[in-house]
$ cat target_2.txt   # compact mmCIF, C-alpha atoms
# COMPACT_ATOMS: atom_id res chain seq x y z
CA MET G 1 20.62 15.00 74.26
CA LYS G 2 23.02 15.92 76.95
CA LYS G 3 22.47 12.57 78.59
CA LEU G 4 23.25 10.88 75.30
CA GLN G 5 26.58 12.59 75.09
CA ASN G 6 27.50 11.46 78.55
CA LYS G 7 27.22 7.80 77.52
CA PRO G 8 30.01 5.76 75.91
CA ASP G 9 31.05 6.55 72.32
CA ARG G 10 29.79 3.50 70.47
CA SER G 11 26.37 3.72 72.00
CA VAL G 12 26.22 7.44 71.17
CA VAL G 13 27.01 6.82 67.52
CA ASN G 14 24.41 4.07 67.38
CA LYS G 15 21.84 6.30 68.93
CA ARG G 16 22.66 9.12 66.63
CA ILE G 17 22.21 6.91 63.59
CA ILE G 18 18.92 5.62 64.89
CA PHE G 19 17.82 9.14 65.79
CA SER G 20 18.70 10.48 62.41
CA LEU G 21 16.71 7.70 60.81
CA VAL G 22 13.73 8.45 63.01
CA CYS G 23 14.09 12.16 62.36
CA LEU G 24 14.28 11.48 58.63
CA VAL G 25 11.07 9.53 58.70
CA LEU G 26 9.38 12.07 60.95
CA GLY G 27 10.48 14.99 58.82
CA PHE G 28 9.40 13.25 55.69
CA ILE G 29 5.97 12.43 57.03
CA LEU G 30 5.42 15.91 58.43
CA ALA G 31 6.65 17.69 55.33
CA TYR G 32 4.81 15.41 53.00
CA SER G 33 1.48 15.76 54.75
CA TYR G 34 2.02 19.52 54.96
CA SER G 35 2.75 19.83 51.26
CA LEU G 36 -0.13 17.53 50.46
CA SER G 37 -2.66 19.49 52.45
CA SER G 38 -1.39 22.83 51.16
CA SER G 39 -1.48 21.64 47.56
CA LYS G 40 -4.98 20.34 48.12
CA LYS G 41 -6.01 23.71 49.48
CA ILE G 42 -4.59 25.43 46.44
CA SER G 43 -6.02 23.05 43.88
CA GLY G 44 -9.24 22.35 45.72
CA GLU G 45 -10.73 25.78 45.87
CA PRO G 46 -10.41 26.88 42.27
CA THR G 47 -12.04 23.69 40.99
CA ASN G 48 -14.83 24.14 43.46
CA SER G 49 -15.43 27.74 42.56
CA LYS G 50 -15.11 26.89 38.89
CA PHE G 51 -17.70 24.20 39.33
CA PHE G 52 -20.00 26.57 41.12
CA GLU G 53 -19.50 29.18 38.48
CA GLN G 54 -20.39 26.73 35.77
CA GLU G 55 -23.45 25.54 37.64
CA GLU G 56 -24.51 29.10 38.25
CA ARG G 57 -24.09 29.91 34.60
CA TYR G 58 -26.14 26.90 33.53
CA ARG G 59 -28.82 27.81 36.03
CA GLU G 60 -28.96 31.34 34.69
CA ASP G 61 -29.18 30.00 31.17
CA LEU G 62 -32.02 27.75 32.19
CA ILE G 63 -33.87 30.58 33.87
CA GLN G 64 -33.38 32.73 30.82
CA GLN G 65 -34.69 30.00 28.59
CA LYS G 66 -37.70 29.50 30.79
CA GLU G 67 -38.46 33.19 30.78
CA ARG G 68 -38.10 33.25 27.04
CA ASN G 69 -40.44 30.28 26.79
CA LYS G 70 -42.97 32.05 28.94
CA GLU G 71 -42.74 35.16 26.82
CA LEU G 72 -43.14 33.16 23.66
CA GLU G 73 -46.09 31.30 25.07
CA THR G 74 -47.88 34.48 26.01
CA GLU G 75 -47.04 35.84 22.60
CA LEU G 76 -48.45 32.73 20.98
CA VAL G 77 -51.65 33.02 22.95
CA ALA G 78 -51.89 36.68 22.04
CA ARG G 79 -51.34 35.91 18.37
CA GLN G 80 -53.94 33.20 18.40
CA GLN G 81 -56.34 35.60 20.03
CA GLN G 82 -55.49 38.09 17.32
CA VAL G 83 -56.14 35.59 14.58
CA ARG G 84 -59.45 34.68 16.13
CA GLU G 85 -60.36 38.31 16.44
CA ILE G 86 -59.43 38.96 12.86
CA GLU G 87 -61.54 36.03 11.77
CA LYS G 88 -64.40 37.22 13.90
CA SER G 89 -64.13 40.78 12.67
CA LEU G 90 -63.99 39.55 9.10
CA SER G 91 -67.00 37.36 9.60
CA GLY G 92 -68.77 40.14 11.42
CA SER G 93 -68.05 42.76 8.83
CA GLU G 94 -68.65 40.89 5.63
CA GLU G 95 -71.00 38.09 4.82
CA GLN G 96 -68.71 36.78 2.20
CA TYR G 97 -65.93 36.18 4.63
CA GLU G 98 -68.29 34.49 7.01
CA SER G 99 -69.23 32.03 4.38
CA LEU G 100 -65.59 31.55 3.58
CA ILE G 101 -64.82 30.79 7.19
CA GLN G 102 -67.71 28.40 7.30
CA GLU G 103 -66.36 26.81 4.18
CA ALA G 104 -62.91 26.51 5.72
CA GLU G 105 -64.44 24.83 8.72
CA ASP G 106 -66.43 22.51 6.48
CA LEU G 107 -63.35 21.72 4.46
CA ARG G 108 -61.45 20.93 7.61
CA LEU G 109 -64.21 18.58 8.63
CA LEU G 110 -64.11 17.02 5.20
CA LEU G 111 -60.37 16.61 5.43
CA GLY G 112 -60.88 14.93 8.72
CA VAL G 113 -58.49 17.14 10.67
CA LEU G 114 -61.17 18.08 13.15
CA PRO G 115 -63.19 15.70 15.29
CA SER G 116 -66.81 15.93 14.40
CA THR G 117 -69.95 15.41 16.42
CA GLY G 118 -73.54 16.11 15.70
CA THR G 119 -76.71 14.79 14.23
CA GLY G 120 -76.40 12.43 11.34
CA VAL G 121 -77.59 9.45 9.48
CA LYS G 122 -76.54 5.84 9.46
CA VAL G 123 -76.95 3.76 6.34
CA GLN G 124 -76.42 0.05 6.41
CA LEU G 125 -75.94 -1.91 3.20
CA GLU G 126 -76.35 -5.67 3.44
CA ASP G 127 -76.09 -8.47 0.94
CA ALA G 128 -79.47 -9.94 0.08
CA GLU G 129 -80.42 -13.54 0.75
CA TYR G 130 -79.83 -15.65 -2.31
CA ASP G 131 -79.37 -19.20 -3.49
CA PRO G 132 -75.86 -19.52 -4.93
CA ALA G 133 -76.83 -22.56 -6.98
CA SER G 134 -79.58 -20.95 -8.99
CA VAL G 135 -78.61 -17.30 -9.39
CA ASN G 136 -75.52 -15.19 -9.99
CA PRO G 137 -74.23 -14.04 -6.58
CA ASN G 138 -72.86 -10.85 -8.15
CA ASP G 139 -76.42 -9.63 -8.54
CA TYR G 140 -77.06 -9.90 -4.84
CA ILE G 141 -73.98 -8.60 -3.06
CA VAL G 142 -72.95 -5.04 -2.27
CA HIS G 143 -70.39 -3.64 -4.67
CA GLU G 144 -68.20 -0.63 -4.14
CA SER G 145 -70.25 1.24 -6.72
CA HIS G 146 -73.19 1.06 -4.34
CA VAL G 147 -71.07 2.45 -1.58
CA PHE G 148 -69.92 5.20 -3.92
CA GLN G 149 -73.49 6.08 -4.78
CA VAL G 150 -74.36 6.48 -1.15
CA LEU G 151 -71.22 8.44 -0.44
CA ASN G 152 -71.71 10.79 -3.34
CA GLU G 153 -75.30 11.42 -2.40
CA MET G 154 -74.24 12.15 1.17
CA LYS G 155 -71.50 14.52 0.10
CA ILE G 156 -73.82 16.33 -2.25
CA SER G 157 -76.33 16.66 0.59
CA GLY G 158 -73.77 18.38 2.76
CA ALA G 159 -72.43 15.65 5.00
CA GLN G 160 -69.65 17.05 7.14
CA ALA G 161 -67.89 13.83 7.94
CA ILE G 162 -68.33 10.32 6.67
CA ALA G 163 -67.12 7.04 8.04
CA ILE G 164 -67.37 3.54 6.65
CA ASN G 165 -67.51 0.87 9.36
CA GLY G 166 -65.90 3.36 11.71
CA GLN G 167 -63.11 4.33 9.26
CA ARG G 168 -63.27 8.08 8.75
CA LEU G 169 -62.92 9.20 5.17
CA LYS G 170 -60.38 11.86 4.27
CA ALA G 171 -60.27 14.04 1.18
CA ASN G 172 -57.90 11.60 -0.49
CA SER G 173 -59.40 8.36 0.75
CA TYR G 174 -59.77 5.53 -1.67
CA ILE G 175 -62.29 2.72 -1.81
CA LYS G 176 -61.53 -0.45 -3.66
CA CYS G 177 -63.57 -3.57 -4.38
CA ASN G 178 -61.79 -6.70 -3.31
CA GLY G 179 -64.19 -9.52 -4.04
CA PRO G 180 -66.51 -9.94 -1.08
CA VAL G 181 -64.83 -7.16 0.89
CA ILE G 182 -64.04 -3.53 0.15
CA THR G 183 -60.82 -1.81 1.05
CA VAL G 184 -60.98 1.67 2.56
CA ASP G 185 -57.58 3.34 2.86
CA GLY G 186 -55.87 -0.04 3.07
CA LYS G 187 -58.24 -1.55 5.64
CA GLN G 188 -60.55 -4.30 4.56
CA PHE G 189 -64.19 -4.38 5.61
CA PRO G 190 -66.70 -7.15 4.95
CA ALA G 191 -70.43 -6.70 4.43
CA PRO G 192 -72.58 -5.33 5.95
CA PHE G 193 -71.24 -1.85 5.38
CA VAL G 194 -72.27 0.80 7.83
CA ILE G 195 -71.89 4.28 6.39
CA GLU G 196 -72.25 7.04 8.93
CA ALA G 197 -72.50 10.67 7.96
CA ILE G 198 -72.69 13.73 10.12
CA GLY G 199 -74.95 16.36 8.76
CA ASP G 200 -78.53 17.52 8.78
CA PRO G 201 -80.71 14.39 8.78
CA SER G 202 -83.65 16.34 7.43
CA VAL G 203 -81.57 16.95 4.29
CA LEU G 204 -79.62 13.71 4.15
CA VAL G 205 -82.47 11.27 4.54
CA PRO G 206 -84.80 12.78 1.96
CA SER G 207 -81.98 13.13 -0.53
CA LEU G 208 -81.21 9.44 -0.17
CA LYS G 209 -84.90 8.61 -0.52
CA LEU G 210 -85.53 10.68 -3.64
CA THR G 211 -87.70 8.92 -6.12
CA GLY G 212 -85.37 7.16 -8.56
CA GLY G 213 -82.50 8.13 -6.31
CA VAL G 214 -79.96 6.15 -4.44
CA LEU G 215 -82.31 4.15 -2.29
CA ASP G 216 -84.41 3.04 -5.24
CA GLN G 217 -81.37 2.07 -7.26
CA LEU G 218 -79.94 0.07 -4.37
CA VAL G 219 -83.19 -1.71 -3.78
CA ASN G 220 -83.30 -2.44 -7.48
CA ASP G 221 -79.89 -4.11 -7.12
CA ASN G 222 -81.29 -6.44 -4.45
CA ILE G 223 -79.47 -4.75 -1.56
CA VAL G 224 -80.96 -4.57 1.88
CA VAL G 225 -80.73 -0.91 2.90
CA THR G 226 -81.48 0.45 6.34
CA ILE G 227 -81.49 4.18 6.90
CA GLU G 228 -81.44 5.44 10.43
CA GLU G 229 -81.48 8.97 11.72
CA LYS G 230 -79.07 9.56 14.57
CA SER G 231 -79.41 12.36 17.06
CA LYS G 232 -75.76 12.10 17.98
CA LEU G 233 -72.80 10.74 16.08
CA GLU G 234 -69.14 11.15 16.99
CA MET G 235 -66.14 10.86 14.75
CA PRO G 236 -62.58 11.40 15.88
CA SER G 237 -60.09 13.42 13.89
CA LEU G 238 -57.61 11.43 11.85
CA MET O 1 24.82 15.72 67.26
CA TRP O 2 24.43 17.06 63.74
CA LEU O 3 23.43 13.75 62.24
CA PRO O 4 19.84 13.65 63.55
CA LEU O 5 19.34 17.29 62.56
CA LEU O 6 20.71 16.52 59.13
CA GLY O 7 18.32 13.60 58.89
CA LEU O 8 15.41 15.83 59.89
CA ILE O 9 16.32 18.46 57.33
CA LEU O 10 16.80 15.80 54.67
CA GLY O 11 13.46 14.26 55.52
CA ILE O 12 11.65 17.61 55.42
CA SER O 13 13.18 18.60 52.11
CA LEU O 14 12.42 15.16 50.70
CA GLY O 15 8.81 15.45 51.85
CA LEU O 16 8.43 18.95 50.45
CA LEU O 17 10.00 18.00 47.14
CA THR O 18 8.03 14.81 46.69
CA ASP O 19 5.29 15.38 44.20
CA ILE O 20 3.39 12.11 44.54
CA GLN O 21 -0.34 12.49 44.64
CA ILE O 22 -2.11 9.95 46.82
CA PRO O 23 -5.83 9.27 46.69
CA SER O 24 -7.88 11.26 49.18
CA VAL O 25 -9.01 8.01 50.78
CA TYR O 26 -5.49 7.37 52.00
CA GLU O 27 -4.93 10.84 53.43
CA ASN O 28 -6.40 9.62 56.71
CA TYR O 29 -3.57 7.12 57.01
CA LEU O 30 -1.01 9.86 56.60
CA SER O 31 -2.52 12.04 59.28
CA ILE O 32 -2.59 9.07 61.63
CA ALA O 33 0.99 8.25 60.78
CA VAL O 34 1.92 11.83 61.66
CA LEU O 35 0.14 11.51 64.98
CA ALA O 36 1.78 8.17 65.70
CA ALA O 37 5.22 9.54 64.89
CA LEU O 38 4.72 12.57 67.12
CA ASP O 39 3.37 10.41 69.90
CA THR O 40 6.31 8.08 69.80
CA LEU O 41 8.74 10.97 69.60
CA PHE O 42 7.34 12.62 72.70
CA GLY O 43 7.12 9.25 74.39
CA GLY O 44 10.81 8.80 73.69
CA ILE O 45 11.67 12.23 75.10
CA ARG O 46 9.65 11.49 78.22
CA ALA O 47 11.35 8.13 78.65
CA GLN O 48 14.70 9.81 78.23
CA LEU O 49 13.82 12.32 80.94
CA GLN O 50 12.57 9.53 83.21
CA HIS O 51 15.76 7.55 82.61
CA VAL O 52 13.84 4.55 81.27
CA TYR O 53 14.76 5.19 77.66
CA ASP O 54 15.49 2.16 75.51
CA ASP O 55 16.61 2.32 71.89
CA LYS O 56 14.81 -0.81 70.83
CA VAL O 57 11.55 0.17 72.45
CA PHE O 58 11.72 3.63 70.95
CA VAL O 59 12.62 2.64 67.40
CA SER O 60 10.32 -0.37 67.26
CA GLY O 61 7.54 1.72 68.80
CA PHE O 62 8.10 4.49 66.27
CA PHE O 63 7.76 2.31 63.22
CA PHE O 64 5.29 -0.15 64.68
CA ASN O 65 2.94 2.58 65.84
CA ILE O 66 2.96 4.22 62.45
CA ALA O 67 2.29 0.92 60.73
CA LEU O 68 -0.38 -0.05 63.25
CA ALA O 69 -2.19 3.27 62.96
CA ALA O 70 -2.18 3.15 59.19
CA GLY O 71 -3.27 -0.48 59.26
CA LEU O 72 -6.10 0.31 61.64
CA ALA O 73 -7.29 3.14 59.44
CA PHE O 74 -7.08 0.89 56.41
CA LEU O 75 -9.11 -1.77 58.17
CA GLY O 76 -11.62 0.85 59.29
CA VAL O 77 -12.11 2.15 55.77
CA HIS O 78 -12.70 -1.34 54.47
CA LEU O 79 -15.01 -2.33 57.31
CA GLY O 80 -16.97 0.89 57.16
CA VAL O 81 -16.12 1.69 60.78
CA ASP O 82 -14.18 4.85 61.54
CA LEU O 83 -11.40 3.03 63.32
CA TYR O 84 -8.93 5.81 62.61
CA LEU O 85 -10.84 7.84 65.18
CA ALA O 86 -9.72 5.32 67.79
CA ALA O 87 -6.12 5.79 66.72
CA ILE O 88 -6.47 9.58 66.70
CA PHE O 89 -8.05 9.50 70.12
CA ALA O 90 -5.48 7.17 71.65
CA PHE O 91 -2.51 8.99 70.18
CA GLY O 92 -3.94 12.37 70.97
CA VAL O 93 -4.52 11.54 74.62
CA ARG O 94 -1.08 10.02 74.94
CA LEU O 95 0.49 12.95 73.19
CA PHE O 96 -1.02 15.36 75.68
CA GLN O 97 -0.07 13.16 78.61
CA ASN O 98 3.50 12.81 77.43
CA ILE O 99 3.86 16.52 76.84
CA ALA O 100 2.39 17.23 80.27
CA VAL O 101 4.86 14.84 81.91
CA ILE O 102 7.76 16.38 80.00
CA ARG O 103 6.68 19.86 80.98
CA ARG O 104 6.46 18.91 84.63
CA MET O 105 9.83 17.22 84.60
CA LEU O 106 11.47 20.17 82.94
CA LEU O 107 9.86 22.46 85.47
CA THR O 108 11.14 20.37 88.39
CA LYS O 109 14.58 20.25 86.85
CA TRP O 110 14.58 23.95 86.31
CA THR O 111 13.50 24.72 89.88
CA GLU O 112 16.09 22.24 91.22
CA ARG O 113 18.83 23.83 89.21
CA LYS O 114 17.71 27.24 90.31
CA GLY O 115 17.83 25.97 93.90
CA THR O 116 21.35 24.60 93.53
CA ILE O 117 22.55 27.79 91.91
CA ASP O 118 21.04 29.80 94.70

$ encode --input "target_2.txt" --output "structure tokens"
Amino acid sequence: MKKLQNKPDRSVVNKRIIFSLVCLVLGFILAYSYSLSSSKKISGEPTNSKFFEQEERYREDLIQQKERNKELETELVARQQQVREIEKSLSGSEEQYESLIQEAEDLRLLLGVLPSTGTGVKVQLEDAEYDPASVNPNDYIVHESHVFQVLNEMKISGAQAIAINGQRLKANSYIKCNGPVITVDGKQFPAPFVIEAIGDPSVLVPSLKLTGGVLDQLVNDNIVVTIEEKSKLEMPSL
Amino acid sequence: MWLPLLGLILGISLGLLTDIQIPSVYENYLSIAVLAALDTLFGGIRAQLQHVYDDKVFVSGFFFNIALAAGLAFLGVHLGVDLYLAAIFAFGVRLFQNIAVIRRMLLTKWTERKGTID
């Protein structure tokens, strides 16, 4: 600066103007970057910590929920165990209750809410051979009434679960005659009809074969009936 | 003599009072501009002490260096190469060199003056 002052006046003024401009820019840049970084420091940390806090809180919530879930699960298992024990104790203590439980199980099977496996019987109903020109075809084909007869006999004989052509019957199933096909719960099935029932074959088969019973009536109506004992049948729950 | 100081004060107050927020991407440019400005300033002081000072060189260098550094950083951001590091390195090295030269010159001057006084 001292050197500057030693130089001629005009040059000094020029230099001073230029210097002040440079100083202005320098000061501005320095101050601006300083204020920027300081403001960032101030505003940066709280947001960060706030963020962390929030995350931490969510994490704690999650952990709490998980713990609660675990507790509830163990409670559920315990309760189920309790129910089973109560059932068992009831069935153990009183014969009546045992039969009731058995009945509940049977009813569940009948409703189709439980998958069923076991021994059973398979009945196939087929239309008989006939000459459409000479005889009335209605006398030779399987009607829904025949299916009903078989079903009723099976239910009476203690069938646990029944399926027609693979369609499991529920408590509120319906069977409808639709010309050559029958409709079971909205699904159409053509002849031959395969009726499967899970139950005791030693009861089911004789009951179907009673003299003057279902089998005789069906044979009377010119229907080809095949009765098969099955050692293992499986039906899924609905 | 007071004019440059006034300019400095004005610039500082302007910078402190400015409340413009710039995106964090461009903060690199600012830091490089600061470095470039400081580098040129010390370069100017050194030149003055070495008696090779030139107004045009100083002023054009001041603004051109700032613009070049910012431009380099900009290019680096868009190319995915950290080019601003090059600017920081170059300016940093030169800054240290300039300050070292200034320090030595001042020391020699001081010892000379001491010698003449004695």

$ atom_distance --input "target_2.txt" --atom1 "CA of Glu98 in chain G" --atom2 "CA of Gln82 in chain G"
16.8 Å

$ interface_residues --input "target_2.txt" --of "chain O" --to "chain G" --cutoff "12 Å" --atoms "only C-alpha atoms" --output "number ranges by chain"
O: 1-24, 26-42, 44-45, 47-51, 53-63, 66

$ residues_around --input "target_2.txt" --residues "Ile175 in chain G" --least-positions-apart "5" --cutoff "12 Å" --atoms "all atoms listed in the file" --output "PyMOL selection string"
chain G and resi 143-148+151+163-164+167-170+181-189

$ atom_distance --input "target_2.txt" --atom1 "CA of Glu229 in chain G" --atom2 "CA of Gly112 in chain G"
21.7 Å

$ atom_distance --input "target_2.txt" --atom1 "CA of Ile101 in chain G" --atom2 "CA of Glu153 in chain G"
24.0 Å

$ closest_residue --input "target_2.txt" --among "G:Asn172, G:Gln217, G:Ser231, G:Asn69" --to "Pro201 in chain G" --atoms "all atoms listed in the file"
G:Ser231

$ residues_around --input "target_2.txt" --residues "Leu85 in chain O" --least-positions-apart "3" --cutoff "10 Å" --atoms "all atoms listed in the file" --output "MDAnalysis selection string"
chainID O and resid 28 32 72:73 76 81:82 88:91

$ decode --input "target_2.txt" --residues "range 154-189 of chain G" --atoms "C-alpha atoms" --output "JSON list (two decimals), in the first residue's frame"
[["chain", "number", "residue", "atom", "x", "y", "z"],
["G", 154, "MET", "CA", -75.47, -92.99, 2.37],
["G", 155, "LYS", "CA", -76.29, -90.22, 4.81],
["G", 156, "ILE", "CA", -78.57, -92.49, 6.78],
["G", 157, "SER", "CA", -75.78, -95.07, 6.91],
["G", 158, "GLY", "CA", -73.43, -92.57, 8.47],
["G", 159, "ALA", "CA", -71.36, -91.28, 5.59],
["G", 160, "GLN", "CA", -69.05, -88.56, 6.83],
["G", 161, "ALA", "CA", -68.44, -86.82, 3.56],
["G", 162, "ILE", "CA", -69.96, -87.22, 0.16],
["G", 163, "ALA", "CA", -68.80, -86.04, -3.22],
["G", 164, "ILE", "CA", -70.44, -86.24, -6.60],
["G", 165, "ASN", "CA", -67.94, -86.45, -9.46],
["G", 166, "GLY", "CA", -65.37, -84.90, -7.15],
["G", 167, "GLN", "CA", -67.67, -82.06, -6.01],
["G", 168, "ARG", "CA", -67.93, -82.21, -2.23],
["G", 169, "LEU", "CA", -71.41, -81.77, -0.86],
["G", 170, "LYS", "CA", -72.05, -79.22, 1.86],
["G", 171, "ALA", "CA", -74.97, -79.03, 4.25],
["G", 172, "ASN", "CA", -76.75, -76.61, 1.94],
["G", 173, "SER", "CA", -75.78, -78.14, -1.38],
["G", 174, "TYR", "CA", -78.40, -78.44, -4.03],
["G", 175, "ILE", "CA", -78.81, -80.95, -6.83],
["G", 176, "LYS", "CA", -80.86, -80.14, -9.86],
["G", 177, "CYS", "CA", -81.85, -82.16, -12.92],
["G", 178, "ASN", "CA", -80.96, -80.40, -16.12],
["G", 179, "GLY", "CA", -81.95, -82.78, -18.88],
["G", 180, "PRO", "CA", -79.09, -85.17, -19.51],
["G", 181, "VAL", "CA", -76.88, -83.55, -16.87],
["G", 182, "ILE", "CA", -77.34, -82.75, -13.20],
["G", 183, "THR", "CA", -76.24, -79.55, -11.55],
["G", 184, "VAL", "CA", -74.49, -79.75, -8.19],
["G", 185, "ASP", "CA", -73.99, -76.37, -6.54],
["G", 186, "GLY", "CA", -73.97, -74.66, -9.93],
["G", 187, "LYS", "CA", -71.59, -77.09, -11.62],
["G", 188, "GLN", "CA", -72.91, -79.37, -14.28],
["G", 189, "PHE", "CA", -71.96, -83.02, -14.44]]
